[in-house]
file input04.cif (mmCIF, C-alpha atoms)
data_query
#
loop_
_atom_site.label_atom_id
_atom_site.label_comp_id
_atom_site.auth_asym_id
_atom_site.auth_seq_id
_atom_site.Cartn_x
_atom_site.Cartn_y
_atom_site.Cartn_z
CA GLU A 1 19.24 13.98 -10.63
CA LEU A 2 16.15 16.09 -11.19
CA THR A 3 12.81 14.52 -10.27
CA VAL A 4 9.20 15.69 -10.47
CA PRO A 5 6.31 13.97 -8.65
CA GLU A 6 3.40 12.99 -10.84
CA GLU A 7 0.08 14.90 -10.76
CA LEU A 8 1.64 18.25 -9.85
CA PRO A 9 -0.47 21.17 -11.14
CA LEU A 10 0.72 23.33 -14.03
CA GLY A 11 3.28 25.90 -13.01
CA SER A 12 4.76 23.89 -10.14
CA PHE A 13 8.29 24.84 -9.12
CA VAL A 14 10.95 22.27 -10.01
CA ALA A 15 14.39 23.82 -9.44
CA ASP A 16 16.46 26.97 -9.56
CA VAL A 17 18.33 27.52 -12.85
CA ILE A 18 21.94 28.37 -12.06
CA VAL A 19 24.28 29.67 -14.75
CA SER A 20 28.05 29.42 -14.28
CA ASP A 21 29.49 32.70 -15.55
CA GLU A 22 32.57 34.76 -14.70
CA ASP A 23 30.45 37.92 -15.14
CA PRO A 24 27.95 38.02 -12.25
CA ASP A 25 26.12 40.96 -13.86
CA ASN A 26 25.24 39.18 -17.09
CA ILE A 27 21.60 39.10 -18.15
CA TYR A 28 20.19 35.90 -19.64
CA THR A 29 17.41 34.81 -21.94
CA PHE A 30 16.33 31.18 -21.64
CA THR A 31 14.75 28.91 -24.23
CA CYS A 32 13.37 25.46 -23.37
CA LYS A 33 12.92 22.67 -25.91
CA GLY A 34 11.65 19.11 -25.75
CA GLU A 35 12.88 15.88 -27.30
CA PHE A 36 14.35 15.93 -30.81
CA SER A 37 12.00 14.73 -33.57
CA ILE A 38 13.57 13.00 -36.56
CA ILE A 39 10.43 13.63 -38.60
CA LEU A 40 10.43 17.37 -37.90
CA ASP A 41 14.24 17.55 -37.87
CA ASP A 42 13.90 19.83 -34.88
CA TYR A 43 13.26 19.80 -31.16
CA GLY A 44 9.67 19.45 -30.01
CA PRO A 45 7.87 21.65 -27.48
CA ALA A 46 9.17 21.55 -23.91
CA THR A 47 7.10 20.41 -20.96
CA PHE A 48 8.83 22.94 -18.71
CA TYR A 49 9.45 26.68 -18.79
CA ILE A 50 11.80 29.10 -17.07
CA GLN A 51 10.74 32.31 -15.36
CA ASP A 52 13.05 34.48 -13.20
CA GLN A 53 15.68 31.72 -13.46
CA LYS A 54 13.34 29.15 -11.94
CA LEU A 55 12.17 26.00 -13.71
CA TYR A 56 8.43 25.23 -13.66
CA THR A 57 6.23 22.45 -15.03
CA ASP A 58 4.21 23.15 -18.18
CA LYS A 59 2.34 19.84 -18.05
CA VAL A 60 0.58 17.60 -15.54
CA PHE A 61 2.64 14.41 -15.58
CA GLU A 62 1.20 10.93 -15.09
CA TYR A 63 3.42 8.02 -14.09
CA ASP A 64 3.20 5.12 -16.56
CA ASP A 65 2.99 1.86 -14.56
CA ASP A 66 3.00 -0.23 -17.74
CA ASP A 67 6.28 1.23 -19.01
CA PRO A 68 8.42 2.50 -16.10
CA GLU A 69 11.32 3.32 -18.44
CA ALA A 70 9.12 5.88 -20.20
CA ASN A 71 8.83 8.03 -17.08
CA THR A 72 11.58 10.43 -18.09
CA GLU A 73 11.18 13.88 -19.64
CA PHE A 74 13.87 15.34 -21.91
CA LEU A 75 14.65 19.04 -21.56
CA LEU A 76 17.07 21.17 -23.57
CA ILE A 77 17.87 24.54 -22.01
CA ILE A 78 19.49 27.21 -24.19
CA VAL A 79 20.82 30.29 -22.42
CA GLU A 80 21.93 33.48 -24.23
CA ASP A 81 23.45 36.52 -22.59
CA GLN A 82 23.02 40.16 -23.66
CA TYR A 83 26.09 39.92 -25.88
CA GLY A 84 24.71 37.03 -27.93
CA ASN A 85 26.90 34.40 -26.30
CA GLU A 86 25.02 31.11 -26.16
CA TYR A 87 25.30 27.89 -24.21
CA GLN A 88 23.01 24.87 -24.14
CA GLU A 89 22.69 21.76 -22.00
CA ASP A 90 20.19 18.91 -21.94
CA PHE A 91 18.64 17.23 -18.89
CA GLU A 92 16.63 14.11 -18.16
CA ILE A 93 14.00 14.69 -15.51
CA ALA A 94 12.50 11.62 -13.87
CA ILE A 95 8.76 11.46 -13.13
CA GLU A 96 8.16 9.96 -9.69
CA LYS A 97 5.16 7.84 -8.83
CA VAL A 98 3.16 9.25 -5.93
CA PHE A 99 1.85 6.57 -3.60
CA GLN A 100 -1.23 7.14 -1.50
CA ALA A 101 -1.60 6.17 2.14
CA PRO A 102 -2.35 2.57 3.15
CA THR A 103 -6.11 1.98 3.03
CA GLY A 104 -6.75 -1.04 5.23
CA ILE A 105 -5.52 -3.29 8.04
CA ALA A 106 -6.75 -6.86 8.50
CA LEU A 107 -5.97 -9.97 10.53
CA SER A 108 -5.91 -13.44 9.02
CA ASP A 109 -7.60 -14.68 12.23
CA SER A 110 -9.23 -12.95 15.19
CA SER A 111 -9.65 -15.67 17.81
CA VAL A 112 -7.46 -17.36 20.39
CA TYR A 113 -7.98 -20.14 22.94
CA GLU A 114 -8.13 -19.37 26.64
CA LYS A 115 -5.56 -20.65 29.19
CA MET A 116 -2.68 -20.48 26.70
CA ALA A 117 0.74 -19.17 27.71
CA PRO A 118 1.66 -15.71 26.37
CA GLY A 119 3.21 -15.63 22.92
CA ILE A 120 0.50 -17.58 21.06
CA ALA A 121 -0.06 -16.34 17.50
CA VAL A 122 -3.50 -14.89 16.80
CA GLY A 123 -3.18 -14.00 13.11
CA LYS A 124 -1.06 -12.42 10.43
CA LEU A 125 -1.31 -8.65 9.90
CA ILE A 126 -2.25 -7.71 6.34
CA VAL A 127 -1.96 -4.11 5.14
CA GLU A 128 -3.73 -2.95 1.98
CA ASP A 129 -1.25 -0.68 0.22
CA GLU A 130 -0.54 0.09 -3.45
CA ASP A 131 3.18 0.22 -2.64
CA PRO A 132 4.41 -3.36 -2.13
CA LEU A 133 7.78 -2.11 -0.83
CA ASN A 134 6.36 0.12 1.89
CA THR A 135 7.44 -0.45 5.49
CA TYR A 136 5.45 0.12 8.68
CA THR A 137 5.86 0.83 12.36
CA PHE A 138 3.03 -0.57 14.48
CA THR A 139 1.66 0.68 17.80
CA LEU A 140 -0.83 -1.28 19.91
CA GLN A 141 -3.26 -0.04 22.55
CA GLY A 142 -5.94 -1.67 24.66
CA PRO A 143 -9.51 -0.38 25.11
CA TYR A 144 -10.11 3.23 26.13
CA ASN A 145 -10.40 3.67 29.90
CA PRO A 146 -12.48 6.72 30.94
CA ALA A 147 -11.17 6.46 34.51
CA ILE A 148 -7.65 7.36 33.40
CA GLU A 149 -8.72 9.20 30.23
CA ASP A 150 -6.33 7.06 28.23
CA TYR A 151 -6.01 3.63 26.63
CA ASP A 152 -5.23 0.57 28.72
CA PRO A 153 -2.04 -1.38 27.95
CA PRO A 154 -2.55 -3.89 25.12
CA SER A 155 -2.94 -7.60 25.74
CA PHE A 156 -1.12 -8.34 22.51
CA TYR A 157 2.10 -7.51 20.67
CA ILE A 158 3.35 -7.76 17.09
CA GLU A 159 6.29 -9.90 16.06
CA ASN A 160 7.27 -10.42 12.42
CA ASP A 161 3.90 -9.08 11.20
CA THR A 162 2.05 -11.53 13.46
CA LEU A 163 -0.27 -10.52 16.32
CA LYS A 164 0.58 -12.51 19.45
CA THR A 165 -0.87 -12.71 22.95
CA ASN A 166 0.79 -10.84 25.80
CA MET A 167 -1.11 -12.62 28.56
CA GLU A 168 -3.09 -15.74 29.40
CA PHE A 169 -6.84 -15.26 28.81
CA ASP A 170 -9.69 -16.70 30.86
CA TYR A 171 -13.00 -17.30 29.10
CA SER A 172 -14.91 -17.14 32.42
CA ILE A 173 -13.74 -13.54 32.91
CA SER A 174 -14.30 -12.29 29.35
CA ASP A 175 -15.00 -13.88 25.99
CA THR A 176 -13.44 -11.00 24.02
CA SER A 177 -10.40 -8.74 24.13
CA TYR A 178 -10.02 -5.44 22.27
CA VAL A 179 -6.86 -4.16 20.59
CA LEU A 180 -6.33 -0.94 18.62
CA ILE A 181 -3.63 -1.35 15.95
CA SER A 182 -2.08 1.81 14.52
CA LEU A 183 0.56 2.03 11.83
CA GLU A 184 2.84 4.67 10.39
CA ASP A 185 4.43 3.99 7.01
CA SER A 186 7.75 5.12 5.58
CA ARG A 187 6.16 8.32 4.19
CA GLY A 188 4.54 9.37 7.46
CA PHE A 189 1.00 8.25 6.58
CA THR A 190 -0.95 6.81 9.51
CA LEU A 191 -3.88 4.40 9.81
CA SER A 192 -5.67 2.78 12.75
CA ARG A 193 -8.20 0.01 13.19
CA GLY A 194 -9.65 -1.68 16.25
CA PHE A 195 -10.14 -5.45 16.49
CA THR A 196 -12.22 -7.52 18.88
CA ILE A 197 -10.41 -10.80 19.48
CA GLU A 198 -12.66 -13.73 20.40
CA ILE A 199 -11.54 -15.77 23.40
CA VAL A 200 -12.44 -19.40 22.69
CA GLN A 201 -13.31 -21.74 25.54
CA ASN A 202 -10.72 -24.49 25.75
CA GLN A 203 -12.63 -27.67 26.59
CA SER A 204 -10.30 -30.25 25.11
CA GLY A 205 -6.84 -29.17 26.17
CA THR A 206 -6.05 -27.63 22.79
CA THR A 207 -2.60 -26.10 22.62
CA GLY A 208 -3.26 -23.57 19.88
CA ILE A 209 -5.49 -22.41 17.07
CA ALA A 210 -5.23 -24.90 14.21
CA GLU A 211 -4.88 -23.64 10.67
CA LEU A 212 -5.97 -26.22 8.18
CA SER A 213 -3.20 -27.73 6.15
CA ARG A 214 -5.34 -29.00 3.28
CA SER A 215 -4.04 -27.41 0.10
CA VAL A 216 -6.13 -24.84 -1.77
CA SER A 217 -5.12 -23.36 -5.11
CA ILE A 218 -6.30 -19.86 -6.09
CA TYR A 219 -5.47 -18.60 -9.58
CA PRO A 220 -4.92 -16.24 -11.25
CA ASN A 221 -3.75 -14.05 -8.39
CA PRO A 222 -3.81 -11.06 -9.04
CA ALA A 223 -7.19 -11.52 -10.71
CA ASP A 224 -9.19 -9.37 -13.11
CA GLN A 225 -12.43 -11.11 -14.14
CA TYR A 226 -12.56 -14.62 -12.66
CA VAL A 227 -10.74 -16.61 -9.97
CA ASN A 228 -10.45 -20.40 -10.02
CA ILE A 229 -10.46 -22.20 -6.68
CA GLU A 230 -9.33 -25.80 -6.37
CA GLY A 231 -9.26 -27.99 -3.27
CA MET A 232 -12.36 -26.78 -1.39
CA GLU A 233 -13.35 -30.35 -0.52
CA GLY A 234 -13.52 -30.89 3.23
CA TYR A 235 -14.34 -27.30 4.14
CA GLN A 236 -17.68 -26.35 5.66
CA SER A 237 -17.86 -22.77 4.40
CA VAL A 238 -15.89 -20.23 2.38
CA GLU A 239 -16.17 -16.47 2.85
CA MET A 240 -14.72 -13.45 1.09
CA TRP A 241 -13.86 -10.40 3.21
CA GLU A 242 -12.59 -6.89 2.62
CA LEU A 243 -9.65 -5.77 4.76
CA SER A 244 -12.00 -3.29 6.42
CA GLY A 245 -13.80 -6.25 8.02
CA LYS A 246 -16.81 -6.18 5.70
CA LEU A 247 -18.12 -9.52 4.46
CA VAL A 248 -18.27 -9.41 0.66
CA GLN A 249 -20.02 -12.74 0.10
CA LYS A 250 -20.30 -16.35 1.17
CA LEU A 251 -19.19 -18.72 -1.55
CA SER A 252 -20.84 -21.91 -2.65
CA LEU A 253 -18.66 -24.96 -2.07
CA ARG A 254 -19.98 -26.32 -5.36
CA ASN A 255 -18.74 -23.33 -7.36
CA ASP A 256 -15.05 -23.55 -8.21
CA GLN A 257 -14.99 -20.26 -10.16
CA LEU A 258 -15.54 -16.84 -8.62
CA ASP A 259 -16.64 -13.79 -10.64
CA VAL A 260 -14.68 -10.77 -9.37
CA SER A 261 -15.29 -8.44 -12.32
CA GLY A 262 -17.59 -6.22 -10.26
CA LEU A 263 -15.25 -5.83 -7.29
CA LYS A 264 -13.05 -2.78 -6.82
CA ASN A 265 -9.27 -3.09 -6.90
CA GLY A 266 -7.68 -4.11 -3.63
CA ILE A 267 -6.74 -6.95 -1.31
CA TYR A 268 -9.39 -9.41 -0.16
CA LEU A 269 -9.30 -12.39 2.19
CA LEU A 270 -10.70 -15.81 1.31
CA VAL A 271 -11.47 -17.65 4.55
CA PHE A 272 -11.95 -21.44 4.35
CA ASN A 273 -13.64 -22.76 7.52
CA GLY A 274 -13.36 -26.38 8.62
CA SER A 275 -14.25 -28.37 11.71
CA ASP A 276 -10.64 -28.32 12.92
CA GLY A 277 -9.63 -24.76 12.05
CA ARG A 278 -9.49 -22.31 9.21
CA LEU A 279 -7.35 -21.41 6.22
CA VAL A 280 -6.92 -17.80 5.11
CA ARG A 281 -5.62 -16.83 1.69
CA LYS A 282 -4.98 -13.35 0.30
CA LEU A 283 -6.46 -12.41 -3.09
CA LEU A 284 -5.48 -9.31 -5.06
CA ILE A 285 -8.08 -7.83 -7.45
CA GLN A 286 -6.44 -5.74 -10.16
CA HIS A 287 -8.50 -4.60 -13.16
#

call {"tool": "encode", "arguments": {"input": "input04.cif", "output": "structure tokens"}}
result
Amino acid sequence: ELTVPEELPLGSFVADVIVSDEDPDNIYTFTCKGEFSIILDDYGPATFYIQDQKLYTDKVFEYDDDDPEANTEFLLIIVEDQYGNEYQEDFEIAIEKVFQAPTGIALSDSSVYEKMAPGIAVGKLIVEDEDPLNTYTFTLQGPYNPAIEDYDPPSFYIENDTLKTNMEFDYSISDTSYVLISLEDSRGFTLSRGFTIEIVQNQSGTTGIAELSRSVSIYPNPADQYVNIEGMEGYQSVEMWELSGKLVQKLSLRNDQLDVSGLKNGIYLLVFNGSDGRLVRKLLIQH
């Protein structure tokens, strides 16, 4: 099956044109035609051309997200040899969507209690990526150590897209721990981001970071103009963050509708803070 990536410039090579012929010395003339038009009762102009028995694009193709079935180009190739013998064959050439690299890495939480056994969950990893089916390989490193001119071993590991502790922390030694998270996706794109994990002093024998279980409804999600939020009662504050770690805004607990019309497309985090923990919800903005 022939495929052409979208957004290729005019004149991009597609494929070699091979003619099956018992006479290897035959000389050919090629004609390319597009889809047949009932109104014109003829074939329309082709979006490809042939030069030196190589097929090239004669159009910059754009993938249609709204109608995936329309991403096919019809091509009729007519070949004639020097004796006037003619043969024709039609092809369907699929236009492939070109995905860009992932643009952001975030954690649903970035704090952990001290004096907890290794294996405690810190937060869920969230990757901002236009391809929902993409897969990733993660690599973790600790802070850079000038003495060895390399990164220290990480104090964390990733399991099922969740960052977990690899050691027991002591608040009296340090109240933070750094981790550099790098990813490589299925297409070879790479992205890295460092996180400073807060070590929380454990004064009450807590056995883990509590995530609030009170239900919050966010709709529509994906959102275009406005987002409705229900169930904010009992929370002390609500914040909206970009995956890059930038605070977008602090929300009023009295406002149950959020205007997102001015925000760029992407994934955002809504963080609901309470006295006994936090709740993190992912929001997709898609205009």

call {"tool": "atom_distance", "arguments": {"input": "input04.cif", "atom1": "CA of Gln201 in chain A", "atom2": "CA of Ile173 in chain A"}}
result
11.0 Å

call {"tool": "atom_distance", "arguments": {"input": "input04.cif", "atom1": "CA of Leu163 in chain A", "atom2": "CA of Thr139 in chain A"}}
result
11.5 Å

call {"tool": "closest_atom_pairs", "arguments": {"input": "input04.cif", "of": "range 188-282 of chain A", "to": "range 126-131 of chain A", "cutoff": "9 Å", "atoms": "only C-alpha atoms", "output": "JSON lines"}}
result
{"residue": "A:Leu243", "atom": "CA", "partner": "A:Glu128", "partner_atom": "CA", "distance": 7.1}
{"residue": "A:Gly266", "atom": "CA", "partner": "A:Glu128", "partner_atom": "CA", "distance": 7.0}
{"residue": "A:Ile267", "atom": "CA", "partner": "A:Glu128", "partner_atom": "CA", "distance": 6.0}
{"residue": "A:Tyr268", "atom": "CA", "partner": "A:Glu128", "partner_atom": "CA", "distance": 8.9}
{"residue": "A:Lys282", "atom": "CA", "partner": "A:Ile126", "partner_atom": "CA", "distance": 8.7}

call {"tool": "write_last_selection", "arguments": {"input": "input04.cif", "atoms": "C-alpha atoms", "output": "PDB file, in the coordinates of the input"}}
result
ATOM      1  CA  LEU A 243      -9.650  -5.770   4.760  1.00  0.00           C
ATOM      2  CA  GLY A 266      -7.680  -4.110  -3.630  1.00  0.00           C
ATOM      3  CA  ILE A 267      -6.740  -6.950  -1.310  1.00  0.00           C
ATOM      4  CA  TYR A 268      -9.390  -9.410  -0.160  1.00  0.00           C
ATOM      5  CA  LYS A 282      -4.980 -13.350   0.300  1.00  0.00           C
TER       6      LYS A 282
END

call {"tool": "closest_residue", "arguments": {"input": "input04.cif", "among": "A:Thr162, A:Asn71, A:Asn134, A:Ser155", "to": "Phe99 in chain A", "atoms": "all atoms listed in the file"}}
result
A:Asn134

call {"tool": "resolve_selection", "arguments": {"input": "input04.cif", "expression": "the PyMOL selection byres ((chain A and resi 54) around 9)", "output": "PyMOL selection string"}}
result
chain A and resi 13-18+49-53+55-56

call {"tool": "residues_around", "arguments": {"input": "input04.cif", "residues": "Leu270 in chain A", "least_positions_apart": "4", "cutoff": "8 Å", "atoms": "all atoms listed in the file", "output": "short mmCIF file (atom, residue, chain, number, x, y, z; two decimals) with C-alpha atoms, in the frame of the given file"}}
result
data_model
loop_
_atom_site.label_atom_id
_atom_site.label_comp_id
_atom_site.auth_asym_id
_atom_site.auth_seq_id
_atom_site.Cartn_x
_atom_site.Cartn_y
_atom_site.Cartn_z
CA VAL A 238 -15.89 -20.23 2.38
CA GLU A 239 -16.17 -16.47 2.85
CA MET A 240 -14.72 -13.45 1.09
CA TRP A 241 -13.86 -10.40 3.21
CA VAL A 280 -6.92 -17.80 5.11
CA ARG A 281 -5.62 -16.83 1.69
CA LYS A 282 -4.98 -13.35 0.30
CA LEU A 283 -6.46 -12.41 -3.09
#

call {"tool": "residues_near_point", "arguments": {"input": "input04.cif", "point": "(1.8, -9.0, 16.8)", "cutoff": "10 Å", "atoms": "all atoms listed in the file", "output": "ChimeraX atom specification"}}
result
/A:119-125,138-140,156-166,181

call {"tool": "residues_around", "arguments": {"input": "input04.cif", "residues": "Phe61 in chain A", "least_positions_apart": "3", "cutoff": "10 Å", "atoms": "all atoms listed in the file", "output": "list of chain:residue names"}}
result
A:Val4, A:Pro5, A:Glu6, A:Glu7, A:Leu8, A:Pro9, A:Leu10, A:Thr47, A:Thr57, A:Asp58, A:Asp64, A:Asn71, A:Glu73, A:Ile95, A:Glu96, A:Lys97

call {"tool": "atom_distance", "arguments": {"input": "input04.cif", "atom1": "CA of Asn265 in chain A", "atom2": "CA of Leu253 in chain A"}}
result
24.3 Å

call {"tool": "resolve_selection", "arguments": {"input": "input04.cif", "expression": "the PyMOL selection byres ((chain A and resi 101) around 8)", "output": "PyMOL selection string"}}
result
chain A and resi 99-100+102-103+129+189-190

call {"tool": "residues_near_point", "arguments": {"input": "input04.cif", "point": "(-3.5, -12.5, -7.2)", "cutoff": "8 Å", "atoms": "all atoms listed in the file", "output": "list in words"}}
result
Ile218, Tyr219, Pro220, Asn221, Pro222, Ala223, Lys282, Leu283, Leu284, Ile285 and Gln286 of chain A

call {"tool": "closest_residue", "arguments": {"input": "input04.cif", "among": "A:Gln249, A:Ser182, A:Thr137, A:Gln257", "to": "Asn228 in chain A", "atoms": "only C-alpha atoms"}}
result
A:Gln257

call {"tool": "closest_residue", "arguments": {"input": "input04.cif", "among": "A:Ser108, A:Ser177, A:Gln88, A:Ser12", "to": "Leu279 in chain A", "atoms": "only C-alpha atoms"}}
result
A:Ser108

call {"tool": "closest_residue", "arguments": {"input": "input04.cif", "among": "A:Gly245, A:Pro118, A:Pro154, A:Pro68", "to": "Leu269 in chain A", "atoms": "all atoms listed in the file"}}
result
A:Gly245

call {"tool": "resolve_selection", "arguments": {"input": "input04.cif", "expression": "the PyMOL selection byres ((chain A and resi 93) around 7)", "output": "list of chain:residue names"}}
result
A:Leu2, A:Thr3, A:Thr72, A:Glu73, A:Phe74, A:Phe91, A:Glu92, A:Ala94, A:Ile95
